[in-house]
Each structure stands twice: as structure tokens, then as C-alpha cells.
file coords_31.cif (mmCIF, C-alpha atoms)
data_final
loop_
_atom_site.group_PDB
_atom_site.id
_atom_site.type_symbol
_atom_site.label_atom_id
_atom_site.label_comp_id
_atom_site.auth_asym_id
_atom_site.auth_seq_id
_atom_site.Cartn_x
_atom_site.Cartn_y
_atom_site.Cartn_z
ATOM 1 C CA LYS E 12 204.662 105.679 128.405
ATOM 2 C CA SER E 13 208.050 104.178 128.832
ATOM 3 C CA ALA E 14 211.100 105.752 127.226
ATOM 4 C CA ALA E 15 211.356 102.752 124.881
ATOM 5 C CA ALA E 16 207.733 103.171 123.733
ATOM 6 C CA GLU E 17 208.259 106.895 123.105
ATOM 7 C CA PHE E 18 211.437 106.159 121.132
ATOM 8 C CA ILE E 19 209.660 103.571 118.958
ATOM 9 C CA GLU E 20 206.755 105.969 118.368
ATOM 10 C CA THR E 21 209.177 108.749 117.349
ATOM 11 C CA VAL E 22 211.038 106.455 114.955
ATOM 12 C CA LEU E 23 207.779 105.225 113.400
ATOM 13 C CA VAL E 24 206.515 108.779 112.857
ATOM 14 C CA GLU E 25 209.825 109.717 111.228
ATOM 15 C CA VAL E 26 209.591 106.731 108.861
ATOM 16 C CA TRP E 27 206.004 107.605 107.933
ATOM 17 C CA ASN E 28 206.932 111.264 107.435
ATOM 18 C CA GLU E 29 209.808 110.289 105.138
ATOM 19 C CA GLN E 30 207.454 108.141 103.051
ATOM 20 C CA LEU E 31 204.832 110.880 102.894
ATOM 21 C CA ALA E 32 207.442 113.487 101.974
ATOM 22 C CA GLU E 33 208.845 111.270 99.232
ATOM 23 C CA HIS E 34 205.455 111.111 97.488
ATOM 24 C CA GLY E 35 204.066 114.510 98.510
ATOM 25 C CA GLU E 36 205.338 116.456 95.522
ATOM 26 C CA ALA E 37 204.096 113.815 93.060
ATOM 27 C CA ILE E 38 200.642 113.889 94.665
ATOM 28 C CA ARG E 39 200.537 117.674 94.536
ATOM 29 C CA GLN E 40 201.502 117.719 90.843
ATOM 30 C CA LYS E 41 198.801 115.130 90.024
ATOM 31 C CA ARG E 42 196.211 117.185 91.871
ATOM 32 C CA ILE E 43 197.232 120.355 90.035
ATOM 33 C CA ALA E 44 197.093 118.587 86.657
ATOM 34 C CA PHE E 45 193.702 117.034 87.442
ATOM 35 C CA LEU E 46 192.177 120.313 88.567
ATOM 36 C CA LYS E 47 193.500 122.087 85.482
ATOM 37 C CA GLU E 48 191.405 119.702 83.328
ATOM 38 C CA PHE E 49 188.456 119.375 85.682
ATOM 39 C CA ARG E 50 187.974 123.084 86.443
ATOM 40 C CA SER E 51 186.771 124.093 82.964
ATOM 41 C CA VAL E 52 184.326 121.166 82.763
ATOM 42 C CA PHE E 53 182.926 122.069 86.179
ATOM 43 C CA GLN E 54 182.636 125.755 85.247
ATOM 44 C CA THR E 55 180.796 124.847 82.036
ATOM 45 C CA TYR E 56 178.241 122.770 83.925
ATOM 46 C CA TYR E 57 177.758 125.418 86.606
ATOM 47 C CA GLU E 58 177.300 128.091 83.953
ATOM 48 C CA ARG E 59 174.644 125.979 82.220
ATOM 49 C CA LEU E 60 172.809 125.267 85.470
ATOM 50 C CA SER E 61 172.818 128.911 86.598
ATOM 51 C CA LEU E 62 172.146 130.251 83.080
ATOM 52 C CA GLY E 63 175.386 132.230 83.305
ATOM 53 C CA ARG E 64 174.211 134.289 86.288
ATOM 54 C CA GLU E 65 177.127 133.372 88.544
ATOM 55 C CA GLU E 66 180.853 132.929 88.088
ATOM 56 C CA VAL E 67 182.462 130.094 90.021
ATOM 57 C CA CYS E 68 185.968 128.891 90.677
ATOM 58 C CA LEU E 69 187.678 125.787 92.026
ATOM 59 C CA GLU E 70 191.116 126.494 93.407
ATOM 60 C CA TYR E 71 193.608 123.996 94.757
ATOM 61 C CA LYS E 72 195.229 125.285 97.916
ATOM 62 C CA PRO E 73 198.280 123.183 98.840
ATOM 63 C CA SER E 74 199.401 123.346 102.446
ATOM 64 C CA VAL E 75 203.044 123.127 101.335
ATOM 65 C CA LYS E 76 203.767 125.605 98.553
ATOM 66 C CA GLU E 77 207.194 124.482 97.435
ATOM 67 C CA GLY E 78 210.205 122.946 99.017
ATOM 68 C CA ASN E 79 210.845 120.460 101.709
ATOM 69 C CA PHE E 80 207.860 118.273 102.518
ATOM 70 C CA LEU E 81 209.727 116.579 105.352
ATOM 71 C CA THR E 82 210.212 119.893 107.178
ATOM 72 C CA ALA E 83 206.539 120.728 106.638
ATOM 73 C CA LEU E 84 205.420 117.366 108.027
ATOM 74 C CA LYS E 85 207.438 117.952 111.179
ATOM 75 C CA GLN E 86 205.385 121.144 111.605
ATOM 76 C CA ALA E 87 202.127 119.138 111.201
ATOM 77 C CA VAL E 88 201.606 120.417 107.664
ATOM 78 C CA GLY E 89 201.503 118.172 104.638
ATOM 79 C CA ILE E 90 199.704 116.945 101.574
ATOM 80 C CA HIS E 91 196.939 115.550 103.786
ATOM 81 C CA ARG E 92 196.050 119.129 104.769
ATOM 82 C CA ASP E 93 195.602 120.437 101.241
ATOM 83 C CA ASP E 94 192.250 122.013 100.460
ATOM 84 C CA LEU E 95 189.955 122.750 97.553
ATOM 85 C CA VAL E 96 188.569 126.286 97.658
ATOM 86 C CA LEU E 97 185.054 126.602 96.208
ATOM 87 C CA ASN E 98 184.124 130.160 95.260
ATOM 88 C CA ILE E 99 181.228 132.045 93.769
ATOM 89 C CA GLY E 100 182.777 135.228 92.515
ATOM 90 C CA ASP E 101 185.410 136.149 95.072
ATOM 91 C CA TYR E 102 183.643 134.558 98.037
ATOM 92 C CA ALA E 103 183.654 131.059 99.516
ATOM 93 C CA VAL E 104 180.412 129.301 98.616
ATOM 94 C CA ARG E 105 180.206 127.680 102.052
ATOM 95 C CA LYS E 106 180.170 131.129 103.710
ATOM 96 C CA ILE E 107 177.966 133.246 101.443
ATOM 97 C CA GLY E 108 176.229 130.855 99.071
ATOM 98 C CA SER E 109 172.491 130.358 99.336
ATOM 99 C CA GLN E 110 171.199 126.813 99.750
ATOM 100 C CA GLY E 111 170.312 126.797 96.043
ATOM 101 C CA GLN E 112 173.805 127.962 95.053
ATOM 102 C CA LYS E 113 175.406 125.325 97.243
ATOM 103 C CA LYS E 114 173.203 122.638 95.724
ATOM 104 C CA THR E 115 173.980 123.932 92.212
ATOM 105 C CA PHE E 116 177.680 123.795 93.058
ATOM 106 C CA LEU E 117 177.318 120.189 94.232
ATOM 107 C CA ILE E 118 175.331 119.139 91.163
ATOM 108 C CA ALA E 119 177.828 120.829 88.813
ATOM 109 C CA LEU E 120 180.639 118.948 90.594
ATOM 110 C CA LYS E 121 178.738 115.670 90.169
ATOM 111 C CA LEU E 122 178.063 116.317 86.476
ATOM 112 C CA ALA E 123 181.699 117.275 85.893
ATOM 113 C CA GLN E 124 182.798 114.124 87.719
ATOM 114 C CA TYR E 125 180.511 112.063 85.469
ATOM 115 C CA HIS E 126 181.918 113.814 82.386
ATOM 116 C CA TRP E 127 185.508 113.174 83.497
ATOM 117 C CA LEU E 128 184.842 109.496 84.290
ATOM 118 C CA HIS E 129 183.107 109.062 80.934
ATOM 119 C CA GLN E 130 186.095 110.569 79.105
ATOM 120 C CA MET E 131 188.608 108.455 81.014
ATOM 121 C CA SER E 132 186.757 105.135 80.720
ATOM 122 C CA GLU E 133 184.751 105.639 77.509
ATOM 123 C CA VAL E 134 181.838 104.091 79.412
ATOM 124 C CA LYS E 135 178.734 105.960 80.511
ATOM 125 C CA PRO E 136 178.659 105.612 84.299
ATOM 126 C CA LEU E 137 175.407 105.304 86.203
ATOM 127 C CA LEU E 138 174.425 108.716 87.574
ATOM 128 C CA LEU E 139 172.594 108.928 90.894
ATOM 129 C CA LEU E 140 171.048 112.257 91.900
ATOM 130 C CA ASP E 141 169.310 112.105 95.273
ATOM 131 C CA ASP E 142 166.663 114.723 96.143
ATOM 132 C CA ILE E 143 168.312 117.325 93.924
ATOM 133 C CA PHE E 144 165.337 119.544 93.124
ATOM 134 C CA ASP E 145 164.808 120.830 96.663
ATOM 135 C CA LYS E 146 166.049 124.436 97.144
ATOM 136 C CA LEU E 147 166.464 125.022 93.386
ATOM 137 C CA ASP E 148 164.533 127.496 91.257
ATOM 138 C CA ALA E 149 162.572 126.287 88.204
ATOM 139 C CA ASP E 150 165.274 127.453 85.758
ATOM 140 C CA ARG E 151 167.982 125.358 87.412
ATOM 141 C CA VAL E 152 165.712 122.320 87.640
ATOM 142 C CA GLU E 153 164.902 122.651 83.933
ATOM 143 C CA GLN E 154 168.609 122.856 83.088
ATOM 144 C CA ILE E 155 169.419 119.732 85.115
ATOM 145 C CA VAL E 156 166.759 117.714 83.309
ATOM 146 C CA LYS E 157 167.932 119.023 79.921
ATOM 147 C CA ILE E 158 171.557 118.158 80.686
ATOM 148 C CA VAL E 159 171.007 114.629 82.011
ATOM 149 C CA GLY E 160 168.434 113.951 79.293
ATOM 150 C CA GLY E 161 171.126 114.581 76.659
ATOM 151 C CA GLU E 162 173.000 111.962 74.681
ATOM 152 C CA MET E 163 176.146 112.125 76.795
ATOM 153 C CA PHE E 164 174.337 110.662 79.778
ATOM 154 C CA GLY E 165 173.276 107.052 80.036
ATOM 155 C CA GLN E 166 171.147 105.699 82.842
ATOM 156 C CA VAL E 167 170.245 108.340 85.419
ATOM 157 C CA PHE E 168 168.387 107.754 88.696
ATOM 158 C CA ILE E 169 166.812 110.842 90.241
ATOM 159 C CA THR E 170 164.967 110.712 93.552
ATOM 160 C CA ASP E 171 162.476 113.278 94.737
ATOM 161 C CA THR E 172 160.042 113.283 97.632
ATOM 162 C CA ASN E 173 157.421 115.352 95.797
ATOM 163 C CA ARG E 174 155.766 113.199 93.119
ATOM 164 C CA GLY E 175 153.701 116.052 91.658
ATOM 165 C CA HIS E 176 156.838 118.130 91.369
ATOM 166 C CA ILE E 177 158.799 115.485 89.481
ATOM 167 C CA ASP E 178 155.830 114.705 87.195
ATOM 168 C CA ASP E 179 155.561 118.378 86.200
ATOM 169 C CA ILE E 180 159.295 118.672 85.590
ATOM 170 C CA LEU E 181 159.547 115.558 83.430
ATOM 171 C CA ARG E 182 156.372 116.289 81.438
ATOM 172 C CA ALA E 183 157.757 119.713 80.520
ATOM 173 C CA GLN E 184 160.892 118.151 78.978
ATOM 174 C CA ALA E 185 161.183 115.959 75.898
ATOM 175 C CA VAL E 186 163.154 113.183 77.622
ATOM 176 C CA ASP E 187 162.529 109.453 77.846
ATOM 177 C CA TYR E 188 161.883 108.376 81.435
ATOM 178 C CA LYS E 189 160.213 105.851 83.712
ATOM 179 C CA LEU E 190 158.839 106.650 87.129
ATOM 180 C CA PHE E 191 159.080 104.232 90.052
ATOM 181 C CA THR E 192 157.339 104.715 93.351
ATOM 182 C CA VAL E 193 158.652 103.198 96.559
ATOM 183 C CA THR E 194 156.053 102.705 99.275
ATOM 184 C CA GLY E 195 156.702 100.613 102.365
ATOM 185 C CA GLY E 196 159.799 99.144 100.717
ATOM 186 C CA GLU E 197 157.818 98.000 97.649
ATOM 187 C CA ILE E 198 158.664 99.325 94.173
ATOM 188 C CA SER E 199 155.851 99.969 91.698
#

call {"tool": "encode", "arguments": {"input": "coords_31.cif", "output": "C-alpha cells"}}
result
Amino acid sequence: KSAAAEFIETVLVEVWNEQLAEHGEAIRQKRIAFLKEFRSVFQTYYERLSLGREEVCLEYKPSVKEGNFLTALKQAVGIHRDDLVLNIGDYAVRKIGSQGQKKTFLIALKLAQYHWLHQMSEVKPLLLLDDIFDKLDADRVEQIVKIVGGEMFGQVFITDTNRGHIDDILRAQAVDYKLFTVTGGEIS
């Protein structure tokens, strides 16, 4: 690179860093406020799905604790490096969670997201749950069907590769449903 190109690149990065730093604190505060509301909804759904057997936590982990975002950006740290810590008990779910616990975590996040969107928009969003019953015990599957079959939820699409499995699950619950089969791209 020429000296002129390096100078222009340095100036551009400084301008971008200044813009990121200017909005970094506002973004962090919005994330903290959102998670404060969202966390309890998520925990409620997880507790229902696991029948209270496991305690979970969502924790926002900002990369810049307090202070000067511009200095942090110069050290390659910034709001773009923030993280969401997902725990079962005191342990990270991605490290120690079983496949069923991970899937339960994901489903609880999806249900909490639906709940939050419904509250914010006063519209029942469409809920898509793809192949969710795999790796889950019968109790968790039953809880999912009970939850999404409730009045809070509108139209829900659930896919499953095991037709006998889904038939048994839905027959056991008192929910209104229709089954569609897709074979060779044709829906019946």
C-alpha cells in the first residue's frame, strides 16, 4: 500500500470508530433494558418446558464495562463484541448442556421472542417450529404442545420427520390442528 492509501484507511477507521463510540453507550443501555424485560419471560417458558427441573439464566456481557468507547475501539473492543451468556445453573449451556437442554433453551428463547413481539405489536405473529421434537423427552414435548396450543398463540407451524410421533403427540392433547404431508414437493 502507498502511504496515501494507509493514511486514508487510518482516517476512515477513526471516523467509523468515533461514530460507533458515539452510539455505543446508547446501544448498551437498550440491550440492558431489553434483557431486563426479556429474561423473566424466557425463564418462565424454560421453567414450563423443563417442569421446573432446571434453572436457567441469560446474562448480557458487554465488552466495554463503562467509560470511553473510543479507547476501547482502538483496542479492538466494542459494542460489536458484546455477548449473551446462556447458563443452566452456573454453567454455560453450550459447554455442559445435553442436546435436549440445548433444544429446550432454543425453544424457550423462541417462545419468549414470540411473547415479546406479541406484547409490542398486539398482533399474534406466525410461529414456525422446525423439527423441534427430536432430542426431547416426552414431558418437554407435551409442554410445548400445551403452550403453543394455548390462547396466546395464533397460527403455529410445526415440522417433524416422524409422522407417527407427531400423530401420537397431537392426539394426546386437546388442541385444534391440521396435518399436512409433503411428499415429492406436493402438499396433501

call {"tool": "axis_aligned_box", "arguments": {"input": "coords_31.cif", "around": "region 61-72 of chain E", "padding_each_side": "6 Å", "output": "AutoDock Vina command-line options"}}
result
--center_x 183.7 --center_y 129.1 --center_z 90.5 --size_x 35.1 --size_y 22.3 --size_z 26.8

call {"tool": "closest_residue", "arguments": {"input": "coords_31.cif", "among": "E:Leu84, E:Lys76, E:Leu181, E:Glu65", "to": "Gly108 (chain E)", "atoms": "all atoms listed in the file"}}
result
E:Glu65

call {"tool": "closest_residue", "arguments": {"input": "coords_31.cif", "among": "E:Ile177, E:Leu120, E:Leu128, E:Ile38", "to": "Glu58 (chain E)", "atoms": "all atoms listed in the file"}}
result
E:Leu120

call {"tool": "resolve_selection", "arguments": {"input": "coords_31.cif", "expression": "the PyMOL selection byres ((chain E and resi 67-74) around 9)", "output": "number ranges by chain"}}
result
E: 39, 42-43, 46, 50, 53-54, 57-58, 65-66, 75-76, 83, 88-101, 104, 116

call {"tool": "residues_around", "arguments": {"input": "coords_31.cif", "residues": "Thr115 (chain E)", "least_positions_apart": "2", "cutoff": "9 Å", "atoms": "all atoms listed in the file", "output": "list in words"}}
result
Tyr57, Leu60, Ser61, Gln110, Gly111, Gln112, Lys113, Leu117, Ile118, Ala119, Leu120, Ile143, Leu147 and Arg151 of chain E

call {"tool": "resolve_selection", "arguments": {"input": "coords_31.cif", "expression": "the PyMOL selection byres ((chain E and resi 163) around 10)", "output": "PyMOL selection string"}}
result
chain E and resi 125-126+129+135+158-162+164-165

call {"tool": "atom_distance", "arguments": {"input": "coords_31.cif", "atom1": "CA of Gly175 (chain E)", "atom2": "CA of Ala123 (chain E)"}}
result
28.6 Å

call {"tool": "residues_near_point", "arguments": {"input": "coords_31.cif", "point": "(209.4, 116.5, 109.6)", "cutoff": "9 Å", "atoms": "all atoms listed in the file", "output": "count of residues only"}}
result
15

call {"tool": "atom_distance", "arguments": {"input": "coords_31.cif", "atom1": "CA of Ala185 (chain E)", "atom2": "CA of Glu153 (chain E)"}}
result
11.1 Å

call {"tool": "residues_around", "arguments": {"input": "coords_31.cif", "residues": "Trp127 (chain E)", "least_positions_apart": "5", "cutoff": "10 Å", "atoms": "all atoms listed in the file", "output": "VMD selection string"}}
result
chain E and resid 45 48 to 49 52 to 53 121 to 122 132 to 133

call {"tool": "resolve_selection", "arguments": {"input": "coords_31.cif", "expression": "the PyMOL selection byres ((chain E and resi 145) around 10)", "output": "list in words"}}
result
Gln110, Gly111, Lys114, Asp141, Asp142, Ile143, Phe144, Lys146, Leu147, Asp148, Val152, Asp171, Thr172, Asn173 and His176 of chain E

call {"tool": "write_last_selection", "arguments": {"input": "coords_31.cif", "atoms": "C-alpha atoms", "output": "PDB file, in the coordinates of the input"}}
result
ATOM      1  CA  GLN E 110     171.199 126.813  99.750  1.00  0.00           C
ATOM      2  CA  GLY E 111     170.312 126.797  96.043  1.00  0.00           C
ATOM      3  CA  LYS E 114     173.203 122.638  95.724  1.00  0.00           C
ATOM      4  CA  ASP E 141     169.310 112.105  95.273  1.00  0.00           C
ATOM      5  CA  ASP E 142     166.663 114.723  96.143  1.00  0.00           C
ATOM      6  CA  ILE E 143     168.312 117.325  93.924  1.00  0.00           C
ATOM      7  CA  PHE E 144     165.337 119.544  93.124  1.00  0.00           C
ATOM      8  CA  LYS E 146     166.049 124.436  97.144  1.00  0.00           C
ATOM      9  CA  LEU E 147     166.464 125.022  93.386  1.00  0.00           C
ATOM     10  CA  ASP E 148     164.533 127.496  91.257  1.00  0.00           C
ATOM     11  CA  VAL E 152     165.712 122.320  87.640  1.00  0.00           C
ATOM     12  CA  ASP E 171     162.476 113.278  94.737  1.00  0.00           C
ATOM     13  CA  THR E 172     160.042 113.283  97.632  1.00  0.00           C
ATOM     14  CA  ASN E 173     157.421 115.352  95.797  1.00  0.00           C
ATOM     15  CA  HIS E 176     156.838 118.130  91.369  1.00  0.00           C
TER      16      HIS E 176
END

call {"tool": "atom_distance", "arguments": {"input": "coords_31.cif", "atom1": "CA of Gln166 (chain E)", "atom2": "CA of Glu197 (chain E)"}}
result
21.4 Å

call {"tool": "closest_residue", "arguments": {"input": "coords_31.cif", "among": "E:Tyr56, E:Val193, E:Glu77, E:Arg182", "to": "Ala37 (chain E)", "atoms": "only C-alpha atoms"}}
result
E:Glu77

call {"tool": "closest_residue", "arguments": {"input": "coords_31.cif", "among": "E:Arg64, E:Lys189, E:Arg59, E:Arg105", "to": "Gln154 (chain E)", "atoms": "all atoms listed in the file"}}
result
E:Arg59

call {"tool": "residues_around", "arguments": {"input": "coords_31.cif", "residues": "region 136-140 of chain E", "least_positions_apart": "6", "cutoff": "6 Å", "atoms": "all atoms listed in the file", "output": "list in words"}}
result
Gln166, Val167, Phe168 and Ile169 of chain E

call {"tool": "build_atoms", "arguments": {"input": "coords_31.cif", "residues": "region 139-174 of chain E", "atoms": "N, CA and C atoms", "output": "tab-separated table (two decimals), in the coordinates of the input"}}
result
chain	number	residue	atom	x	y	z
E	139	LEU	N	173.60	108.89	89.84
E	139	LEU	CA	172.59	108.93	90.89
E	139	LEU	C	172.48	110.35	91.44
E	140	LEU	N	171.29	110.91	91.39
E	140	LEU	CA	171.05	112.26	91.90
E	140	LEU	C	169.92	112.17	92.92
E	141	ASP	N	170.26	112.31	94.19
E	141	ASP	CA	169.31	112.10	95.27
E	141	ASP	C	168.73	113.42	95.75
E	142	ASP	N	167.41	113.57	95.63
E	142	ASP	CA	166.66	114.72	96.14
E	142	ASP	C	167.30	116.05	95.71
E	143	ILE	N	167.56	116.16	94.42
E	143	ILE	CA	168.31	117.32	93.92
E	143	ILE	C	167.46	118.55	93.65
E	144	PHE	N	166.15	118.40	93.52
E	144	PHE	CA	165.34	119.54	93.12
E	144	PHE	C	164.98	120.48	94.27
E	145	ASP	N	165.10	120.00	95.50
E	145	ASP	CA	164.81	120.83	96.66
E	145	ASP	C	165.77	122.02	96.71
E	146	LYS	N	165.28	123.20	96.99
E	146	LYS	CA	166.05	124.44	97.14
E	146	LYS	C	166.51	125.04	95.82
E	147	LEU	N	166.06	124.48	94.68
E	147	LEU	CA	166.46	125.02	93.39
E	147	LEU	C	165.29	125.71	92.72
E	148	ASP	N	165.58	126.81	92.00
E	148	ASP	CA	164.53	127.50	91.26
E	148	ASP	C	164.19	126.70	89.99
E	149	ALA	N	163.07	127.03	89.37
E	149	ALA	CA	162.57	126.29	88.20
E	149	ALA	C	163.57	126.28	87.05
E	150	ASP	N	164.30	127.39	86.85
E	150	ASP	CA	165.27	127.45	85.76
E	150	ASP	C	166.39	126.43	85.94
E	151	ARG	N	166.89	126.31	87.15
E	151	ARG	CA	167.98	125.36	87.41
E	151	ARG	C	167.50	123.92	87.28
E	152	VAL	N	166.29	123.66	87.76
E	152	VAL	CA	165.71	122.32	87.64
E	152	VAL	C	165.57	121.96	86.16
E	153	GLU	N	165.06	122.88	85.38
E	153	GLU	CA	164.90	122.65	83.93
E	153	GLU	C	166.25	122.35	83.28
E	154	GLN	N	167.28	123.08	83.66
E	154	GLN	CA	168.61	122.86	83.09
E	154	GLN	C	169.16	121.48	83.46
E	155	ILE	N	168.95	121.05	84.69
E	155	ILE	CA	169.42	119.73	85.12
E	155	ILE	C	168.78	118.65	84.24
E	156	VAL	N	167.47	118.73	84.09
E	156	VAL	CA	166.76	117.71	83.31
E	156	VAL	C	167.22	117.74	81.85
E	157	LYS	N	167.44	118.92	81.30
E	157	LYS	CA	167.93	119.02	79.92
E	157	LYS	C	169.32	118.40	79.79
E	158	ILE	N	170.18	118.67	80.75
E	158	ILE	CA	171.56	118.16	80.69
E	158	ILE	C	171.57	116.64	80.79
E	159	VAL	N	170.93	116.08	81.82
E	159	VAL	CA	171.01	114.63	82.01
E	159	VAL	C	170.14	113.87	81.01
E	160	GLY	N	169.24	114.57	80.34
E	160	GLY	CA	168.43	113.95	79.29
E	160	GLY	C	169.15	113.92	77.96
E	161	GLY	N	170.35	114.53	77.90
E	161	GLY	CA	171.13	114.58	76.66
E	161	GLY	C	171.82	113.27	76.35
E	162	GLU	N	172.37	113.20	75.16
E	162	GLU	CA	173.00	111.96	74.68
E	162	GLU	C	174.25	111.55	75.46
E	163	MET	N	174.92	112.48	76.08
E	163	MET	CA	176.15	112.12	76.80
E	163	MET	C	175.86	111.24	78.00
E	164	PHE	N	174.68	111.39	78.57
E	164	PHE	CA	174.34	110.66	79.78
E	164	PHE	C	173.60	109.38	79.44
E	165	GLY	N	173.93	108.34	80.20
E	165	GLY	CA	173.28	107.05	80.04
E	165	GLY	C	172.13	106.94	81.02
E	166	GLN	N	172.20	105.93	81.88
E	166	GLN	CA	171.15	105.70	82.84
E	166	GLN	C	171.31	106.64	84.03
E	167	VAL	N	170.24	107.36	84.34
E	167	VAL	CA	170.24	108.34	85.42
E	167	VAL	C	169.10	108.01	86.38
E	168	PHE	N	169.41	107.94	87.67
E	168	PHE	CA	168.39	107.75	88.70
E	168	PHE	C	168.28	109.06	89.48
E	169	ILE	N	167.07	109.61	89.50
E	169	ILE	CA	166.81	110.84	90.24
E	169	ILE	C	165.73	110.54	91.27
E	170	THR	N	165.99	110.88	92.53
E	170	THR	CA	164.97	110.71	93.55
E	170	THR	C	164.39	112.07	93.91
E	171	ASP	N	163.13	112.06	94.29
E	171	ASP	CA	162.48	113.28	94.74
E	171	ASP	C	161.33	112.87	95.65
E	172	THR	N	161.09	113.63	96.68
E	172	THR	CA	160.04	113.28	97.63
E	172	THR	C	158.69	113.85	97.24
E	173	ASN	N	158.66	114.70	96.22
E	173	ASN	CA	157.42	115.35	95.80
E	173	ASN	C	157.02	114.82	94.42
E	174	ARG	N	156.14	113.85	94.38
E	174	ARG	CA	155.77	113.20	93.12
E	174	ARG	C	155.17	114.19	92.12
